[in-house]
>>> print(open('run_0.cif').read())   # mmCIF, C-alpha atoms
data_model
loop_
_atom_site.label_atom_id
_atom_site.label_comp_id
_atom_site.auth_asym_id
_atom_site.auth_seq_id
_atom_site.Cartn_x
_atom_site.Cartn_y
_atom_site.Cartn_z
CA MET A 1 4.79 16.32 9.91
CA SER A 2 1.60 16.82 7.97
CA ASP A 3 -1.51 17.09 10.11
CA TYR A 4 -3.37 15.14 7.42
CA LEU A 5 -2.62 11.47 6.85
CA ARG A 6 -3.68 10.13 3.46
CA LEU A 7 -5.59 6.87 3.08
CA GLY A 8 -5.04 4.71 0.02
CA VAL A 9 -7.63 1.96 -0.40
CA ASN A 10 -6.50 -1.26 -2.06
CA ILE A 11 -9.34 -2.81 -4.05
CA ASP A 12 -7.57 -6.06 -5.06
CA HIS A 13 -9.86 -8.33 -3.11
CA VAL A 14 -13.03 -7.01 -4.66
CA ALA A 15 -11.54 -8.60 -7.77
CA THR A 16 -10.72 -11.76 -5.80
CA ILE A 17 -14.42 -12.21 -5.00
CA ARG A 18 -15.40 -11.49 -8.60
CA ASN A 19 -12.88 -13.99 -9.95
CA ALA A 20 -14.11 -16.75 -7.63
CA ARG A 21 -17.17 -17.04 -9.84
CA GLY A 22 -16.23 -15.15 -12.99
CA GLY A 23 -18.18 -12.42 -14.74
CA ARG A 24 -18.07 -8.76 -13.75
CA HIS A 25 -19.58 -8.62 -10.26
CA PRO A 26 -18.44 -7.21 -7.91
CA ASP A 27 -16.65 -4.57 -9.95
CA PRO A 28 -13.37 -3.16 -8.52
CA VAL A 29 -13.88 0.10 -10.38
CA ARG A 30 -17.25 0.59 -8.71
CA ALA A 31 -15.52 -0.13 -5.38
CA ALA A 32 -12.90 2.51 -6.20
CA ARG A 33 -15.62 5.08 -6.84
CA MET A 34 -17.28 4.18 -3.54
CA ALA A 35 -13.94 4.44 -1.74
CA ALA A 36 -13.45 7.93 -3.17
CA ALA A 37 -16.89 8.98 -1.96
CA ALA A 38 -16.17 7.55 1.51
CA GLY A 39 -12.98 9.57 1.98
CA ALA A 40 -10.13 7.65 0.32
CA ASP A 41 -7.31 9.80 -1.02
CA GLY A 42 -6.04 7.26 -3.52
CA ILE A 43 -6.65 3.81 -4.98
CA THR A 44 -4.12 0.99 -4.91
CA ALA A 45 -4.25 -2.06 -7.19
CA HIS A 46 -1.70 -4.86 -7.59
CA LEU A 47 -1.58 -6.50 -11.01
CA ARG A 48 0.04 -9.82 -10.26
CA GLU A 49 1.84 -11.93 -12.82
CA ASP A 50 -0.76 -14.70 -12.45
CA ARG A 51 -3.70 -12.23 -12.52
CA ARG A 52 -5.21 -13.86 -9.43
CA HIS A 53 -7.30 -10.78 -8.67
CA ILE A 54 -6.81 -7.50 -10.56
CA SER A 55 -6.90 -7.87 -14.35
CA ASP A 56 -5.39 -5.83 -17.17
CA ASP A 57 -8.87 -4.52 -17.97
CA ASP A 58 -9.27 -3.37 -14.35
CA ILE A 59 -6.04 -1.36 -14.59
CA GLU A 60 -7.11 0.20 -17.87
CA ARG A 61 -10.48 1.26 -16.45
CA LEU A 62 -9.01 2.49 -13.17
CA ALA A 63 -6.46 4.59 -15.04
CA LYS A 64 -9.16 6.13 -17.26
CA ASP A 65 -12.24 6.34 -15.05
CA ILE A 66 -11.08 7.16 -11.50
CA ASP A 67 -10.31 10.73 -10.48
CA LEU A 68 -8.17 9.73 -7.49
CA PRO A 69 -4.44 9.01 -7.88
CA LEU A 70 -3.80 5.38 -8.86
CA ASN A 71 -1.01 3.56 -7.04
CA PHE A 72 -0.02 0.64 -9.30
CA GLU A 73 1.64 -2.13 -7.30
CA MET A 74 3.89 -4.19 -9.54
CA ALA A 75 6.76 -6.62 -9.66
CA ALA A 76 9.92 -5.33 -11.31
CA THR A 77 9.40 -7.31 -14.51
CA GLU A 78 9.52 -6.25 -18.13
CA GLU A 79 5.84 -7.10 -18.58
CA MET A 80 4.75 -4.89 -15.68
CA ILE A 81 7.05 -2.05 -16.70
CA GLY A 82 5.37 -2.08 -20.11
CA ILE A 83 1.90 -1.92 -18.56
CA ALA A 84 2.92 0.92 -16.24
CA LEU A 85 4.38 2.88 -19.14
CA ARG A 86 1.19 2.32 -21.14
CA TYR A 87 -1.21 3.65 -18.51
CA LYS A 88 1.12 5.99 -16.59
CA PRO A 89 -0.46 5.79 -13.12
CA HIS A 90 0.27 8.48 -10.56
CA ALA A 91 2.59 6.09 -8.73
CA ALA A 92 4.16 2.67 -9.16
CA CYS A 93 5.05 0.73 -6.02
CA LEU A 94 7.63 -2.00 -6.61
CA VAL A 95 6.85 -5.09 -4.56
CA PRO A 96 8.35 -8.58 -4.29
CA GLU A 97 6.20 -11.26 -5.85
CA LYS A 98 6.18 -15.05 -5.66
CA ARG A 99 3.53 -17.19 -7.33
CA THR A 100 3.40 -19.53 -4.33
CA GLU A 101 2.58 -16.84 -1.75
CA VAL A 102 -0.97 -16.12 -0.66
CA THR A 103 -0.15 -12.48 0.02
CA THR A 104 3.04 -10.41 -0.06
CA GLU A 105 5.23 -11.99 2.58
CA GLY A 106 7.79 -9.27 3.16
CA GLY A 107 9.44 -6.20 1.77
CA LEU A 108 11.43 -5.84 -1.42
CA ASP A 109 15.16 -6.47 -1.00
CA ALA A 110 16.24 -3.19 -2.54
CA ALA A 111 19.64 -3.34 -0.87
CA GLY A 112 20.39 -6.72 -2.44
CA GLY A 113 18.97 -5.83 -5.84
CA LEU A 114 20.36 -2.40 -6.64
CA GLU A 115 21.67 -3.22 -10.09
CA ALA A 116 18.50 -4.98 -11.21
CA LEU A 117 16.18 -2.31 -9.79
CA ARG A 118 18.06 0.78 -10.96
CA PRO A 119 16.94 0.65 -14.62
CA VAL A 120 13.35 -0.10 -13.54
CA VAL A 121 13.21 2.94 -11.27
CA ASP A 122 14.86 5.09 -13.95
CA ARG A 123 12.42 4.06 -16.71
CA LEU A 124 9.36 4.66 -14.57
CA ALA A 125 10.64 8.00 -13.31
CA GLU A 126 11.49 9.16 -16.83
CA ALA A 127 7.84 8.54 -17.76
CA GLY A 128 6.69 10.83 -14.96
CA ILE A 129 5.56 7.99 -12.67
CA ARG A 130 6.30 8.46 -8.98
CA VAL A 131 8.20 5.38 -7.82
CA SER A 132 7.90 3.86 -4.37
CA LEU A 133 9.50 0.77 -2.88
CA PHE A 134 7.63 -1.58 -0.55
CA ILE A 135 10.32 -2.44 2.00
CA ASP A 136 10.80 -3.76 5.50
CA PRO A 137 11.48 -1.12 8.18
CA ASP A 138 15.25 -1.40 7.93
CA ARG A 139 17.95 1.27 7.49
CA ALA A 140 19.80 -0.63 4.75
CA GLN A 141 16.62 -0.82 2.66
CA LEU A 142 15.91 2.87 3.18
CA GLU A 143 19.43 3.80 2.12
CA ALA A 144 19.01 1.60 -0.94
CA ALA A 145 15.88 3.56 -1.90
CA VAL A 146 17.95 6.76 -1.82
CA ALA A 147 20.68 5.14 -3.92
CA LEU A 148 18.06 4.09 -6.49
CA GLY A 149 16.49 7.55 -6.64
CA ALA A 150 13.06 6.37 -5.47
CA PRO A 151 11.36 9.32 -3.74
CA VAL A 152 8.90 7.22 -1.71
CA VAL A 153 9.04 4.13 0.50
CA GLU A 154 6.17 2.12 1.91
CA LEU A 155 7.06 0.36 5.15
CA HIS A 156 5.80 -3.19 5.49
CA THR A 157 3.67 -3.30 8.66
CA GLY A 158 2.86 -7.02 8.45
CA ALA A 159 5.19 -8.18 11.23
CA TYR A 160 3.72 -5.60 13.61
CA CYS A 161 0.15 -6.59 12.77
CA GLU A 162 0.88 -10.33 13.08
CA SER A 163 2.56 -9.74 16.44
CA HIS A 164 -0.53 -7.86 17.62
CA ILE A 165 -2.67 -10.89 16.74
CA GLU A 166 -0.33 -13.31 18.52
CA HIS A 167 0.86 -11.24 21.48
CA GLY A 168 -1.60 -8.36 21.88
CA ASP A 169 0.06 -5.22 23.20
CA GLY A 170 2.98 -7.14 24.68
CA PRO A 171 6.70 -6.36 24.38
CA GLU A 172 7.04 -8.28 21.10
CA THR A 173 4.46 -6.03 19.48
CA ALA A 174 6.02 -2.92 20.99
CA ALA A 175 9.36 -3.92 19.49
CA GLU A 176 7.85 -4.34 16.02
CA LEU A 177 6.13 -0.97 16.30
CA GLN A 178 9.40 0.65 17.37
CA ARG A 179 11.05 -0.69 14.20
CA ILE A 180 8.43 1.18 12.16
CA VAL A 181 8.81 4.35 14.24
CA GLU A 182 12.59 4.35 13.81
CA ALA A 183 12.42 3.56 10.10
CA ALA A 184 9.95 6.39 9.50
CA ALA A 185 12.29 8.80 11.27
CA ILE A 186 15.24 7.58 9.20
CA ALA A 187 13.19 8.02 6.03
CA GLN A 188 12.66 11.67 6.91
CA GLU A 189 16.37 12.13 7.61
CA LEU A 190 17.16 10.67 4.18
CA GLY A 191 14.62 12.89 2.40
CA LEU A 192 12.20 10.08 1.58
CA GLU A 193 8.41 10.36 1.74
CA CYS A 194 7.25 7.57 4.01
CA HIS A 195 4.09 5.48 3.60
CA ALA A 196 3.08 2.28 5.41
CA GLY A 197 0.75 -0.65 4.99
CA HIS A 198 -0.02 -4.38 5.07
CA GLY A 199 -2.31 -6.09 7.55
CA LEU A 200 -3.58 -2.92 9.24
CA THR A 201 -6.95 -3.18 11.01
CA PHE A 202 -9.14 -1.07 13.25
CA ASP A 203 -7.12 -2.42 16.20
CA THR A 204 -3.66 -1.71 14.81
CA VAL A 205 -4.01 1.43 12.70
CA ALA A 206 -3.90 4.06 15.46
CA ASP A 207 -0.31 3.49 16.61
CA VAL A 208 0.96 3.60 13.02
CA ALA A 209 -1.20 6.61 12.12
CA ALA A 210 0.29 8.48 15.08
CA ILE A 211 3.83 8.24 13.67
CA PRO A 212 4.45 11.84 12.57
CA THR A 213 6.69 11.19 9.56
CA ILE A 214 4.32 8.72 7.85
CA MET A 215 2.31 10.52 5.17
CA GLU A 216 0.06 7.76 3.82
CA LEU A 217 -1.40 4.39 4.80
CA ASN A 218 -2.46 1.81 2.23
CA ILE A 219 -5.12 -0.60 3.48
CA GLY A 220 -7.12 -3.15 1.53
CA HIS A 221 -7.86 -6.70 2.63
CA PHE A 222 -9.26 -5.74 6.03
CA LEU A 223 -11.50 -3.03 4.61
CA ILE A 224 -12.93 -5.33 1.95
CA GLY A 225 -13.49 -8.07 4.52
CA GLU A 226 -15.12 -5.70 6.98
CA ALA A 227 -17.38 -4.45 4.19
CA ILE A 228 -19.13 -7.82 4.23
CA PHE A 229 -20.45 -6.99 7.68
CA SER A 230 -20.86 -3.22 7.65
CA GLY A 231 -20.56 -2.06 4.03
CA LEU A 232 -17.59 -0.57 2.21
CA ASP A 233 -18.63 3.01 2.91
CA SER A 234 -18.88 2.34 6.64
CA SER A 235 -15.60 0.42 6.89
CA ILE A 236 -13.63 3.15 5.08
CA LYS A 237 -15.23 5.96 7.07
CA ARG A 238 -14.47 4.21 10.36
CA MET A 239 -10.82 3.65 9.32
CA ARG A 240 -10.57 7.27 8.20
CA ALA A 241 -11.95 8.43 11.57
CA LEU A 242 -9.50 6.26 13.54
CA MET A 243 -6.58 7.60 11.50
CA ASP A 244 -7.69 11.20 11.96
CA LYS A 245 -8.20 10.74 15.71
CA ALA A 246 -4.76 9.16 16.18
CA ARG A 247 -3.10 11.91 14.16
CA ALA A 248 -4.88 14.67 16.06
CA GLU A 249 -4.00 13.15 19.42
CA ALA A 250 -0.38 12.69 18.41
CA GLY A 251 -0.22 16.35 17.43
CA GLY A 252 -1.66 17.36 20.77
CA ALA A 253 0.86 15.24 22.62
CA ARG A 254 3.78 16.95 20.88
CA THR A 255 2.50 20.47 21.56
CA ALA A 256 1.32 19.89 25.14
#
>>> encode(input="run_0.cif", output="structure tokens")
Amino acid sequence: MSDYLRLGVNIDHVATIRNARGGRHPDPVRAARMAAAAGADGITAHLREDRRHISDDDIERLAKDIDLPLNFEMAATEEMIGIALRYKPHAACLVPEKRTEVTTEGGLDAAGGLEALRPVVDRLAEAGIRVSLFIDPDRAQLEAAVALGAPVVELHTGAYCESHIEHGDGPETAAELQRIVEAAAIAQELGLECHAGHGLTFDTVADVAAIPTIMELNIGHFLIGEAIFSGLDSSIKRMRALMDKARAEAGGARTA
């Protein structure tokens, strides 16, 4: 376990607000700079096929103008591979993508798509891009990541967060959290670096942050939404503090 848990801030929905009216305001690159100043360890941006939020120009500017590592979320398509190879972000996270979805609805089926994904992972890795797979917390998916040679997985925390909204801290939510705990432990056994994200809020982040084998959380929509009320700097700093507190307390519990 690392005592420090990294925070990646997803700035997609700054672009969503901009695109609602057009023009250049608010600027996702400015948001990325603010996130860096507030304590983010990396910036995540998802260039969707339909360009509903992040644009090609955003990716170009983020790759050139931001000092933090860029995590480029992308579908495993020829178009997106070409863009990743052009800008060579620090990392590329392969995600499932459907035009009809409002947000990513689940993890990538790496186990069912080994042959299609293998050349994608190979091409990105050969270019020096660190490949991660956004997957559900499931052993078969983790083993598929190993078979593909992807060094990193990001566990989809959406089911846990939705259960917390519907059931609070009840047994349903505890079961979803346990799936994440077990998957993170399996990831370590398999030699994978484990990240997590999707739907995390101030109310749900602590239990995930306390999982010792998770090295990074990627959080976006909630932080951008909360920024409307308290400012982006404040929302990121509060999330950072909650993560640090949970990690410190988890460390104390293991050594007590």
>>> resolve_selection(input="run_0.cif", expression="the PyMOL selection byres ((chain A and resi 61-67) around 9)", output="list in words")
Pro28, Val29, Ala32, Arg33, Ala36, Gly42, Ile43, Ala45, Asp56, Asp57, Asp58, Ile59, Glu60, Leu68, Pro69, Leu70, Tyr87, Lys88, Pro89 and His90 of chain A
>>> resolve_selection(input="run_0.cif", expression="the PyMOL selection byres ((chain A and resi 10) around 10)", output="list in words")
Leu7, Gly8, Val9, Ile11, Asp12, His13, Val14, Pro28, Ala31, Ala32, Ala35, Ala40, Gly42, Ile43, Thr44, Ala45, His46, Leu70, Asn71, Phe72, Glu73, Asn218, Ile219, Gly220, His221, Phe222, Leu223 and Ile224 of chain A
>>> closest_residue(input="run_0.cif", among="A:Ala38, A:Ala210, A:Ala184, A:Ala116", to="Val153 (chain A)", atoms="all atoms listed in the file")
A:Ala184
>>> residues_around(input="run_0.cif", residues="Glu78 (chain A)", least_positions_apart="6", cutoff="12 Å", atoms="all atoms listed in the file", output="VMD selection string")
chain A and resid 49 84 to 85 116 to 117 119 to 120 123 to 124
>>> closest_residue(input="run_0.cif", among="A:His25, A:Arg51, A:His156, A:His164", to="Phe134 (chain A)", atoms="all atoms listed in the file")
A:His156
>>> atom_distance(input="run_0.cif", atom1="CA of Gly107 (chain A)", atom2="CA of Ser132 (chain A)")
11.9 Å
>>> residues_around(input="run_0.cif", residues="Gln188 (chain A)", least_positions_apart="5", cutoff="12 Å", atoms="only C-alpha atoms", output="MDAnalysis selection string")
chainID A and resid 1 139 142:143 146 151:153 181:183 193:195 211:215
>>> residues_around(input="run_0.cif", residues="Ala196 (chain A)", least_positions_apart="4", cutoff="6 Å", atoms="all atoms listed in the file", output="list of chain:residue names")
A:Glu154, A:Leu155, A:Leu217
>>> closest_residue(input="run_0.cif", among="A:Ala227, A:Ile17, A:Ala246, A:Leu232", to="Ala206 (chain A)", atoms="all atoms listed in the file")
A:Ala246
>>> decode(input="run_0.cif", residues="region 167-178 of chain A", atoms="N, CA, C and O atoms", output="PDB file, in the first residue's frame")
ATOM      1  N   HIS A 167     -29.946   2.995  -1.156  1.00  0.00           N
ATOM      2  CA  HIS A 167     -30.064   2.172   0.055  1.00  0.00           C
ATOM      3  C   HIS A 167     -29.260   2.688   1.239  1.00  0.00           C
ATOM      4  O   HIS A 167     -29.251   2.049   2.291  1.00  0.00           O
ATOM      5  N   GLY A 168     -28.571   3.825   1.079  1.00  0.00           N
ATOM      6  CA  GLY A 168     -27.743   4.319   2.166  1.00  0.00           C
ATOM      7  C   GLY A 168     -26.635   3.337   2.489  1.00  0.00           C
ATOM      8  O   GLY A 168     -26.030   2.744   1.595  1.00  0.00           O
ATOM      9  N   ASP A 169     -26.358   3.145   3.764  1.00  0.00           N
ATOM     10  CA  ASP A 169     -25.296   2.240   4.190  1.00  0.00           C
ATOM     11  C   ASP A 169     -25.803   0.835   4.468  1.00  0.00           C
ATOM     12  O   ASP A 169     -25.224   0.102   5.281  1.00  0.00           O
ATOM     13  N   GLY A 170     -26.876   0.443   3.788  1.00  0.00           N
ATOM     14  CA  GLY A 170     -27.469  -0.864   4.010  1.00  0.00           C
ATOM     15  C   GLY A 170     -26.658  -2.004   3.442  1.00  0.00           C
ATOM     16  O   GLY A 170     -25.578  -1.812   2.863  1.00  0.00           O
ATOM     17  N   PRO A 171     -27.160  -3.232   3.574  1.00  0.00           N
ATOM     18  CA  PRO A 171     -26.413  -4.421   3.141  1.00  0.00           C
ATOM     19  C   PRO A 171     -26.148  -4.454   1.637  1.00  0.00           C
ATOM     20  O   PRO A 171     -25.133  -4.997   1.193  1.00  0.00           O
ATOM     21  N   GLU A 172     -27.062  -3.869   0.839  1.00  0.00           N
ATOM     22  CA  GLU A 172     -26.837  -3.845  -0.607  1.00  0.00           C
ATOM     23  C   GLU A 172     -25.581  -3.038  -0.947  1.00  0.00           C
ATOM     24  O   GLU A 172     -24.766  -3.441  -1.778  1.00  0.00           O
ATOM     25  N   THR A 173     -25.446  -1.908  -0.263  1.00  0.00           N
ATOM     26  CA  THR A 173     -24.286  -1.049  -0.491  1.00  0.00           C
ATOM     27  C   THR A 173     -23.018  -1.714   0.013  1.00  0.00           C
ATOM     28  O   THR A 173     -21.967  -1.651  -0.637  1.00  0.00           O
ATOM     29  N   ALA A 174     -23.115  -2.364   1.162  1.00  0.00           N
ATOM     30  CA  ALA A 174     -21.954  -3.073   1.709  1.00  0.00           C
ATOM     31  C   ALA A 174     -21.487  -4.164   0.757  1.00  0.00           C
ATOM     32  O   ALA A 174     -20.274  -4.394   0.599  1.00  0.00           O
ATOM     33  N   ALA A 175     -22.427  -4.835   0.103  1.00  0.00           N
ATOM     34  CA  ALA A 175     -22.064  -5.890  -0.842  1.00  0.00           C
ATOM     35  C   ALA A 175     -21.338  -5.323  -2.058  1.00  0.00           C
ATOM     36  O   ALA A 175     -20.367  -5.912  -2.551  1.00  0.00           O
ATOM     37  N   GLU A 176     -21.814  -4.173  -2.544  1.00  0.00           N
ATOM     38  CA  GLU A 176     -21.145  -3.543  -3.694  1.00  0.00           C
ATOM     39  C   GLU A 176     -19.748  -3.063  -3.321  1.00  0.00           C
ATOM     40  O   GLU A 176     -18.811  -3.184  -4.110  1.00  0.00           O
ATOM     41  N   LEU A 177     -19.606  -2.527  -2.124  1.00  0.00           N
ATOM     42  CA  LEU A 177     -18.284  -2.100  -1.672  1.00  0.00           C
ATOM     43  C   LEU A 177     -17.348  -3.299  -1.543  1.00  0.00           C
ATOM     44  O   LEU A 177     -16.168  -3.225  -1.920  1.00  0.00           O
ATOM     45  N   GLN A 178     -17.871  -4.412  -1.040  1.00  0.00           N
ATOM     46  CA  GLN A 178     -17.035  -5.603  -0.878  1.00  0.00           C
ATOM     47  C   GLN A 178     -16.530  -6.104  -2.221  1.00  0.00           C
ATOM     48  O   GLN A 178     -15.407  -6.604  -2.328  1.00  0.00           O
TER      49      GLN A 178
END
